[in-house]
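To be precise, the following lines are start33.txt, and they hold compact mmCIF, C-alpha atoms.
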# COMPACT_ATOMS: atom_id res chain seq x y z
CA MET A 1 48.63 63.36 140.99
CA ARG A 2 45.46 61.35 141.52
CA SER A 3 45.42 58.09 139.69
CA PRO A 4 43.05 57.80 136.73
CA GLY A 5 39.81 56.07 137.57
CA SER A 6 38.06 58.15 140.20
CA LEU A 7 34.49 57.32 139.22
CA ALA A 8 32.94 60.48 140.55
CA LEU A 9 35.51 62.70 138.90
CA VAL A 10 35.33 60.89 135.59
CA ALA A 11 31.55 61.14 135.58
CA THR A 12 31.62 64.84 136.31
CA THR A 13 34.40 65.81 133.96
CA ALA A 14 32.33 64.35 131.16
CA LEU A 15 30.78 67.79 131.33
CA VAL A 16 34.00 69.29 130.03
CA PHE A 17 34.78 66.72 127.38
CA ALA A 18 31.50 65.26 126.12
CA LEU A 19 30.67 68.10 123.80
CA ALA A 20 34.30 68.85 123.07
CA GLY A 21 35.43 65.29 122.55
CA CYS A 22 35.69 65.87 118.83
CA ALA A 23 37.81 68.97 119.28
CA GLY A 24 41.47 69.20 118.53
CA GLY A 25 41.46 68.16 114.88
CA PRO A 26 42.15 70.30 111.86
CA GLY A 27 38.54 71.51 111.85
CA ALA A 28 38.80 72.92 115.36
CA ASP A 29 40.78 76.02 114.54
CA LYS A 30 38.82 78.31 116.86
CA LEU A 31 37.65 76.70 120.09
CA ASP A 32 39.09 73.63 121.74
CA TYR A 33 38.15 71.70 124.87
CA GLU A 34 41.28 73.10 126.50
CA ASP A 35 39.60 76.50 126.29
CA SER A 36 36.97 75.26 128.75
CA PRO A 37 36.71 77.75 131.63
CA LEU A 38 36.09 74.87 134.04
CA ASN A 39 39.09 72.92 132.84
CA LYS A 40 41.53 74.97 134.90
CA TYR A 41 39.69 73.92 138.06
CA LEU A 42 39.03 70.26 137.28
CA SER A 43 42.45 69.56 135.73
CA ALA A 44 44.03 70.25 139.11
CA ALA A 45 42.68 66.90 140.28
CA TRP A 46 44.80 64.89 137.86
CA GLY A 47 47.94 66.95 137.68
CA GLY A 48 47.01 68.81 134.53
CA ASP A 49 49.93 71.20 135.05
CA LEU A 50 52.45 68.37 134.58
CA SER A 51 53.89 67.14 131.31
CA PRO A 52 52.95 63.60 130.19
CA GLU A 53 56.46 62.45 131.11
CA GLU A 54 56.18 64.00 134.58
CA GLN A 55 52.77 62.45 135.07
CA GLN A 56 54.09 59.02 134.05
CA LYS A 57 57.03 59.28 136.44
CA GLN A 58 54.78 60.39 139.27
CA PHE A 59 52.32 57.61 138.54
CA GLU A 60 55.06 54.96 138.62
CA GLU A 61 56.38 56.22 141.95
CA GLN A 62 52.89 56.34 143.36
CA ASN A 63 52.23 52.80 142.15
CA ARG A 64 55.45 51.54 143.79
CA LYS A 65 54.50 53.01 147.16
CA GLN A 66 50.95 51.71 146.87
CA GLU A 67 52.08 48.16 146.06
CA GLU A 68 54.44 48.16 149.05
CA ALA A 69 51.62 49.37 151.30
CA MET A 70 49.36 46.61 149.95
CA ALA A 71 52.01 44.03 150.84
CA GLU A 72 52.22 45.34 154.40
CA CYS A 73 48.44 45.30 154.74
CA MET A 74 48.11 41.75 153.41
CA ALA A 75 50.85 40.54 155.76
CA GLU A 76 48.94 42.01 158.70
CA GLU A 77 45.93 39.98 157.56
CA GLY A 78 47.94 36.76 157.34
CA PHE A 79 48.52 36.59 153.57
CA GLU A 80 51.57 36.84 151.38
CA TYR A 81 51.66 39.55 148.73
CA LYS A 82 54.61 40.54 146.60
CA PRO A 83 54.49 44.12 145.23
CA ASN A 84 53.69 44.02 141.53
CA THR A 85 55.67 47.06 140.41
CA GLN A 86 55.80 45.82 136.81
CA ASN A 87 52.15 46.64 136.43
CA ASN A 88 52.67 50.38 136.07
CA GLY A 89 50.65 50.96 132.95
CA THR A 90 50.90 54.16 130.97
CA VAL A 91 49.19 57.39 131.90
CA PHE A 92 49.59 59.09 128.54
CA SER A 93 51.22 58.18 125.29
CA ASP A 94 51.77 60.25 122.19
CA ASP A 95 52.72 57.21 120.11
CA GLY A 96 49.99 56.60 117.54
CA GLY A 97 46.35 56.41 118.48
CA GLU A 98 45.53 59.79 116.97
CA TRP A 99 41.95 60.84 117.70
CA ASP A 100 40.69 63.10 114.93
CA PRO A 101 36.93 62.67 114.28
CA GLU A 102 36.73 66.07 112.59
CA SER A 103 38.83 64.69 109.72
CA ARG A 104 36.94 63.01 106.89
CA GLU A 105 39.88 60.71 106.24
CA TRP A 106 39.83 59.58 109.89
CA VAL A 107 36.05 59.04 109.90
CA GLU A 108 36.20 57.06 106.67
CA LYS A 109 38.51 54.63 108.45
CA TYR A 110 37.19 54.58 112.03
CA GLY A 111 33.69 56.06 112.05
CA TYR A 112 33.23 57.02 115.70
CA GLY A 113 36.19 54.90 116.76
CA MET A 114 34.00 52.23 118.38
CA VAL A 115 34.11 49.05 116.33
CA ASN A 116 37.48 50.02 114.95
CA SER A 117 39.83 52.51 116.57
CA PRO A 118 43.40 53.72 116.12
CA TRP A 119 44.22 52.42 119.58
CA ASN A 120 43.09 48.91 118.67
CA GLU A 121 45.46 49.03 115.71
CA GLN A 122 48.26 50.28 117.92
CA MET A 123 47.67 47.45 120.40
CA GLU A 124 47.71 44.86 117.62
CA GLU A 125 50.91 46.25 116.11
CA ASN A 126 52.64 46.79 119.45
CA PRO A 127 51.02 44.50 122.02
CA PRO A 128 52.01 45.21 125.61
CA GLU A 129 54.61 42.91 127.06
CA GLU A 130 53.12 40.21 129.23
CA THR A 131 54.46 40.29 132.75
CA ALA A 132 54.23 37.43 135.21
CA ASP A 133 52.09 38.00 138.28
CA PRO A 134 54.52 37.57 141.22
CA ASN A 135 51.63 36.29 143.34
CA ALA A 136 50.24 33.71 140.90
CA ASP A 137 52.03 30.68 142.40
CA TYR A 138 51.06 31.63 145.94
CA VAL A 139 47.39 32.12 145.04
CA ALA A 140 47.37 28.80 143.16
CA SER A 141 48.61 27.06 146.30
CA LEU A 142 45.54 28.21 148.26
CA SER A 143 42.29 26.30 148.52
CA GLU A 144 39.21 27.71 146.81
CA SER A 145 37.87 29.19 150.05
CA GLU A 146 41.29 30.62 150.88
CA GLN A 147 41.49 32.23 147.44
CA THR A 148 38.11 33.85 148.01
CA ALA A 149 39.31 35.21 151.35
CA TYR A 150 42.57 36.35 149.74
CA TYR A 151 40.85 38.41 147.04
CA GLU A 152 38.27 39.83 149.43
CA THR A 153 41.09 40.92 151.71
CA LEU A 154 43.02 42.40 148.79
CA TYR A 155 40.18 44.13 146.95
CA GLY A 156 37.25 44.09 149.34
CA ALA A 157 34.14 41.94 149.39
CA PRO A 158 31.70 42.34 146.48
CA PRO A 159 28.46 44.18 147.31
CA GLU A 160 25.87 41.92 148.93
CA GLU A 161 23.09 43.35 146.80
CA GLU A 162 23.20 43.72 143.03
CA ILE A 163 23.55 47.32 141.92
CA ALA A 164 20.32 48.36 140.24
CA GLU A 165 20.48 49.41 136.61
CA GLY A 166 21.05 53.15 136.33
CA ALA A 167 22.12 53.43 139.98
CA THR A 168 25.26 55.36 140.86
CA TYR A 169 28.11 53.38 142.37
CA GLU A 170 29.81 55.24 145.20
CA TYR A 171 33.39 54.13 145.76
CA LYS A 172 34.60 54.04 149.36
CA TRP A 173 38.19 53.18 150.07
CA GLU A 174 37.18 51.57 153.37
CA ASP A 175 35.30 48.88 151.41
CA ALA A 176 38.11 48.22 148.90
CA GLY A 177 40.32 45.97 151.00
CA CYS A 178 44.06 46.40 151.23
CA GLN A 179 44.15 48.04 147.83
CA GLY A 180 41.75 50.75 148.96
CA ARG A 181 43.61 51.24 152.21
CA ALA A 182 46.98 51.49 150.43
CA GLN A 183 45.62 53.90 147.85
CA HIS A 184 44.22 56.08 150.61
CA GLU A 185 47.51 56.03 152.52
CA VAL A 186 49.58 56.95 149.46
CA GLN A 187 47.27 59.41 147.77
CA GLY A 188 45.47 60.84 150.75
CA GLU A 189 41.87 61.95 150.73
CA ASP A 190 40.40 62.51 147.28
CA PRO A 191 38.97 66.02 147.61
CA TRP A 192 36.31 65.29 145.02
CA GLN A 193 34.98 62.46 147.21
CA SER A 194 34.93 64.48 150.40
CA ASP A 195 31.71 65.71 151.98
CA GLU A 196 33.01 69.24 151.62
CA PHE A 197 32.30 69.18 147.88
CA THR A 198 29.06 67.16 147.83
CA GLU A 199 26.98 70.19 146.92
CA LEU A 200 29.47 71.21 144.22
CA ARG A 201 29.31 67.71 142.69
CA GLU A 202 25.53 67.84 142.58
CA LYS A 203 25.59 71.27 140.94
CA MET A 204 28.07 70.05 138.34
CA ASP A 205 25.76 67.16 137.43
CA LYS A 206 22.87 69.57 136.97
CA LEU A 207 25.07 71.85 134.86
CA TRP A 208 25.64 69.09 132.30
CA SER A 209 21.98 68.16 131.97
CA GLY A 210 21.01 71.81 132.00
CA THR A 211 23.39 72.60 129.14
CA GLN A 212 21.88 69.82 127.04
CA GLU A 213 18.38 71.08 127.75
CA SER A 214 19.07 74.75 127.10
CA PRO A 215 17.05 76.41 124.29
CA GLU A 216 20.27 77.20 122.41
CA PHE A 217 21.38 73.60 122.47
CA LYS A 218 17.95 72.28 121.47
CA GLU A 219 17.96 74.65 118.52
CA LEU A 220 21.40 73.48 117.43
CA ASN A 221 20.41 69.82 117.75
CA ALA A 222 17.24 70.45 115.78
CA ALA A 223 19.24 71.94 112.91
CA TRP A 224 21.63 68.98 112.98
CA ALA A 225 18.73 66.48 113.12
CA ALA A 226 17.05 68.14 110.12
CA CYS A 227 20.29 67.84 108.17
CA MET A 228 20.56 64.16 109.10
CA ALA A 229 16.96 63.52 108.04
CA ASP A 230 17.70 65.12 104.67
CA ALA A 231 20.72 62.78 104.41
CA GLY A 232 18.49 59.73 104.93
CA GLU A 233 19.04 59.33 108.67
CA PRO A 234 15.79 60.41 110.37
CA GLY A 235 14.89 59.72 113.98
CA PHE A 236 17.80 61.33 115.80
CA LYS A 237 17.00 64.20 118.14
CA ALA A 238 20.49 65.07 119.37
CA GLN A 239 23.93 64.72 117.82
CA SER A 240 25.06 62.32 120.54
CA ASP A 241 22.19 59.97 119.61
CA ALA A 242 23.98 58.97 116.41
CA SER A 243 27.11 57.56 118.05
CA MET A 244 25.02 56.14 120.88
CA SER A 245 23.00 54.10 118.39
CA ILE A 246 26.21 52.36 117.32
CA SER A 247 27.26 51.84 120.93
CA ASP A 248 23.89 50.26 121.73
CA GLU A 249 24.14 47.84 118.81
CA GLN A 250 27.69 46.94 119.77
CA GLN A 251 26.53 46.20 123.31
CA LYS A 252 23.81 43.88 121.96
CA ILE A 253 26.41 41.88 120.02
CA TYR A 254 28.56 41.45 123.11
CA GLU A 255 25.56 40.52 125.25
CA ALA A 256 24.50 37.93 122.68
CA ALA A 257 27.92 36.32 123.10
CA TYR A 258 28.62 36.78 126.80
CA GLY A 259 25.20 37.43 128.31
CA ASP A 260 24.17 40.43 130.38
CA GLY A 261 26.68 39.73 133.15
CA SER A 262 24.21 38.02 135.49
CA THR A 263 25.69 34.59 134.71
CA PRO A 264 29.45 33.94 134.57
CA VAL A 265 30.68 32.92 131.12
CA ASP A 266 34.07 31.41 130.32
CA PRO A 267 35.51 33.62 127.52
CA GLU A 268 37.47 30.63 126.24
CA THR A 269 34.20 28.94 125.25
CA VAL A 270 32.88 31.91 123.26
CA GLU A 271 33.93 33.05 119.81
CA ASP A 272 35.32 36.56 119.92
CA PRO A 273 32.33 38.79 119.02
CA SER A 274 34.68 41.57 117.91
CA LYS A 275 35.66 39.35 114.96
CA SER A 276 32.10 38.27 114.09
CA PRO A 277 30.29 39.04 110.80
CA GLU A 278 27.75 41.03 112.82
CA MET A 279 30.46 43.28 114.22
CA LYS A 280 32.02 43.74 110.79
CA LYS A 281 28.64 44.79 109.41
CA LEU A 282 28.15 47.18 112.32
CA GLY A 283 31.58 48.68 111.63
CA GLU A 284 30.52 49.42 108.06
CA ARG A 285 27.28 50.95 109.30
CA GLU A 286 29.24 53.04 111.81
CA VAL A 287 31.39 54.60 109.11
CA GLU A 288 28.37 55.30 106.93
CA LEU A 289 26.51 57.02 109.76
CA ALA A 290 29.55 58.89 111.08
CA LEU A 291 30.30 60.36 107.66
CA LYS A 292 26.79 61.79 107.41
CA ASP A 293 27.06 63.05 110.97
CA LEU A 294 30.37 64.73 110.13
CA GLU A 295 28.88 66.50 107.13
CA CYS A 296 25.92 67.72 109.19
CA ARG A 297 28.19 68.90 111.98
CA LYS A 298 30.16 70.91 109.48
CA GLU A 299 27.02 72.25 107.78
CA THR A 300 25.60 73.43 111.12
CA SER A 301 28.98 74.51 112.63
CA TYR A 302 28.06 72.11 115.41
CA LEU A 303 31.43 71.92 117.15
CA GLU A 304 32.01 75.66 117.33
CA LYS A 305 28.46 76.47 118.40
CA SER A 306 28.23 73.67 120.96
CA LEU A 307 31.46 74.76 122.61
CA LYS A 308 30.27 78.35 122.72
CA ILE A 309 27.05 77.24 124.43
CA GLN A 310 28.95 75.01 126.84
CA PHE A 311 31.56 77.59 127.73
CA ALA A 312 28.95 80.30 128.28
CA GLN A 313 27.15 78.00 130.72
CA GLU A 314 30.46 77.24 132.43
CA GLU A 315 31.28 80.94 132.81
CA LYS A 316 27.94 81.50 134.53
CA PHE A 317 28.51 78.45 136.71
CA ILE A 318 31.93 79.72 137.73
CA ALA A 319 30.53 83.15 138.60
CA ASP A 320 27.88 81.52 140.80
CA ASN A 321 30.24 79.00 142.44
CA LYS A 322 33.63 80.74 142.38
CA ALA A 323 34.48 80.20 146.04
CA ASP A 324 33.68 76.45 145.99
CA LEU A 325 35.65 75.91 142.78
CA GLU A 326 38.66 77.75 144.13
CA ALA A 327 38.45 75.68 147.32
CA PHE A 328 38.33 72.47 145.30
CA LYS A 329 41.24 73.53 143.13
CA ALA A 330 43.33 74.36 146.20
CA ALA A 331 42.44 71.05 147.85
CA ALA A 332 43.28 69.09 144.70
CA GLU A 333 46.63 70.83 144.29
CA GLN A 334 47.43 70.22 147.94
CA SER A 335 46.59 66.50 147.66
CA ASN A 336 48.83 66.21 144.61

Please re-express this file's structure in structure tokens.
Amino acid sequence: MRSPGSLALVATTALVFALAGCAGGPGADKLDYEDSPLNKYLSAAWGGDLSPEEQQKQFEEQNRKQEEAMAECMAEEGFEYKPNTQNNGTVFSDDGGEWDPESREWVEKYGYGMVNSPWNEQMEENPPEETADPNADYVASLSESEQTAYYETLYGAPPEEEIAEGATYEYKWEDAGCQGRAQHEVQGEDPWQSDEFTELREKMDKLWSGTQESPEFKELNAAWAACMADAGEPGFKAQSDASMSISDEQQKIYEAAYGDGSTPVDPETVEDPSKSPEMKKLGEREVELALKDLECRKETSYLEKSLKIQFAQEEKFIADNKADLEAFKAAAEQSN
């Protein structure tokens, strides 16, 4: 199983889930994202054929081996590093955190699940146990320059040039220090990152944008936008614009508190923007907008029609790229 977080894979599999992200609730009694024709190929990369319990067990074992490899690597570089096997995390959990944006009751409480979300509630009610970093005392004993060298050896040096806005970050394990080296040793080559599937990755990116720009999708979005305008929410061109408007406003609130990231800010000196009056007001606006969006999705059968459009495009893509997809699936299963 490949650990969650492969940037390229996450970006590409948005194709499968972006339109279908609201599937799975009571209103989705016909199509579901799991019906995606492409899902059977892409899910091979993250062990989709395993149960959540099996995935968790495999992840923990993988993490143990990776931490031990990191310790060996750091020792070779002249640093101490104790494997932090307590930091396993959780791959999947069925406890709480229900995601059901096709339910009016859910939307009335969470909106789009941005300002408020069921997972935030779950974290507040059952906060994760704090575990001590076994390397904290050792790092504290180092000078400032030694600490810099330590972290660069462990995680890799930061890029010399600032990544331009909108640019794609390409992860390379060779540049990720001992962590990258250990991950590569334990997990092997990520097939999705290999040169063999460069062309397939590029085609997948075009598939997503092409689906959004298809005449069928534009017609569906136009019907949804007209419904929203009638409900007092003009100005949106696509259904995703509604939730994005809340995300953009949320980002502005955080940037007002912490800046745009160009200058380091000590979080201890800043009042938590998530508890601010501005965020509370945005949460109320989110629910108001999401409820109208929900009604317009239902009125236009947005979920069902969007999935039909998406899946039809996927079927054509599979027919045109069958050999490459089968090769990727086989490589992913072999790496797992």

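For the atom pair formed by atom CA of A:Gly78 and atom CA of A:Glu170, the distance is 28.6 Å, given to one decimal.
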
Open item on the list: To one decimal place in Å, what is the distance between atom CA of A:Ser117 and atom CA of A:Pro267?
Closed with: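 For atom CA of A:Ser117 relative to atom CA of A:Pro267, the distance reads 22.3 Å.
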
TODO: Please provide as a PyMOL selection string all residues within 6 Å of A:Val287, with the sequence filter that same-chain residues fewer than 3 positions apart are discarded (counting all atoms listed in the file).
DONE: chain A and resi 108+111+284+290

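Going from atom CA of A:Glu72 over to atom CA of A:Ala332, you cover 27.2 Å.
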
Open item on the list: For a quick check of understanding, using all atoms listed in the file, which of A:Trp106, A:Tyr112, A:Phe217, A:Trp224 has the smallest distance to A:Thr300?
Closed with: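 Among the listed residues, A:Trp224 lies closest to A:Thr300.
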
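When only C-alpha atoms are used to measure the gap to A:Glu216, the shortest distance among A:Asn84, A:Gln334, A:Ser306, A:Ser245 belongs to A:Ser306.
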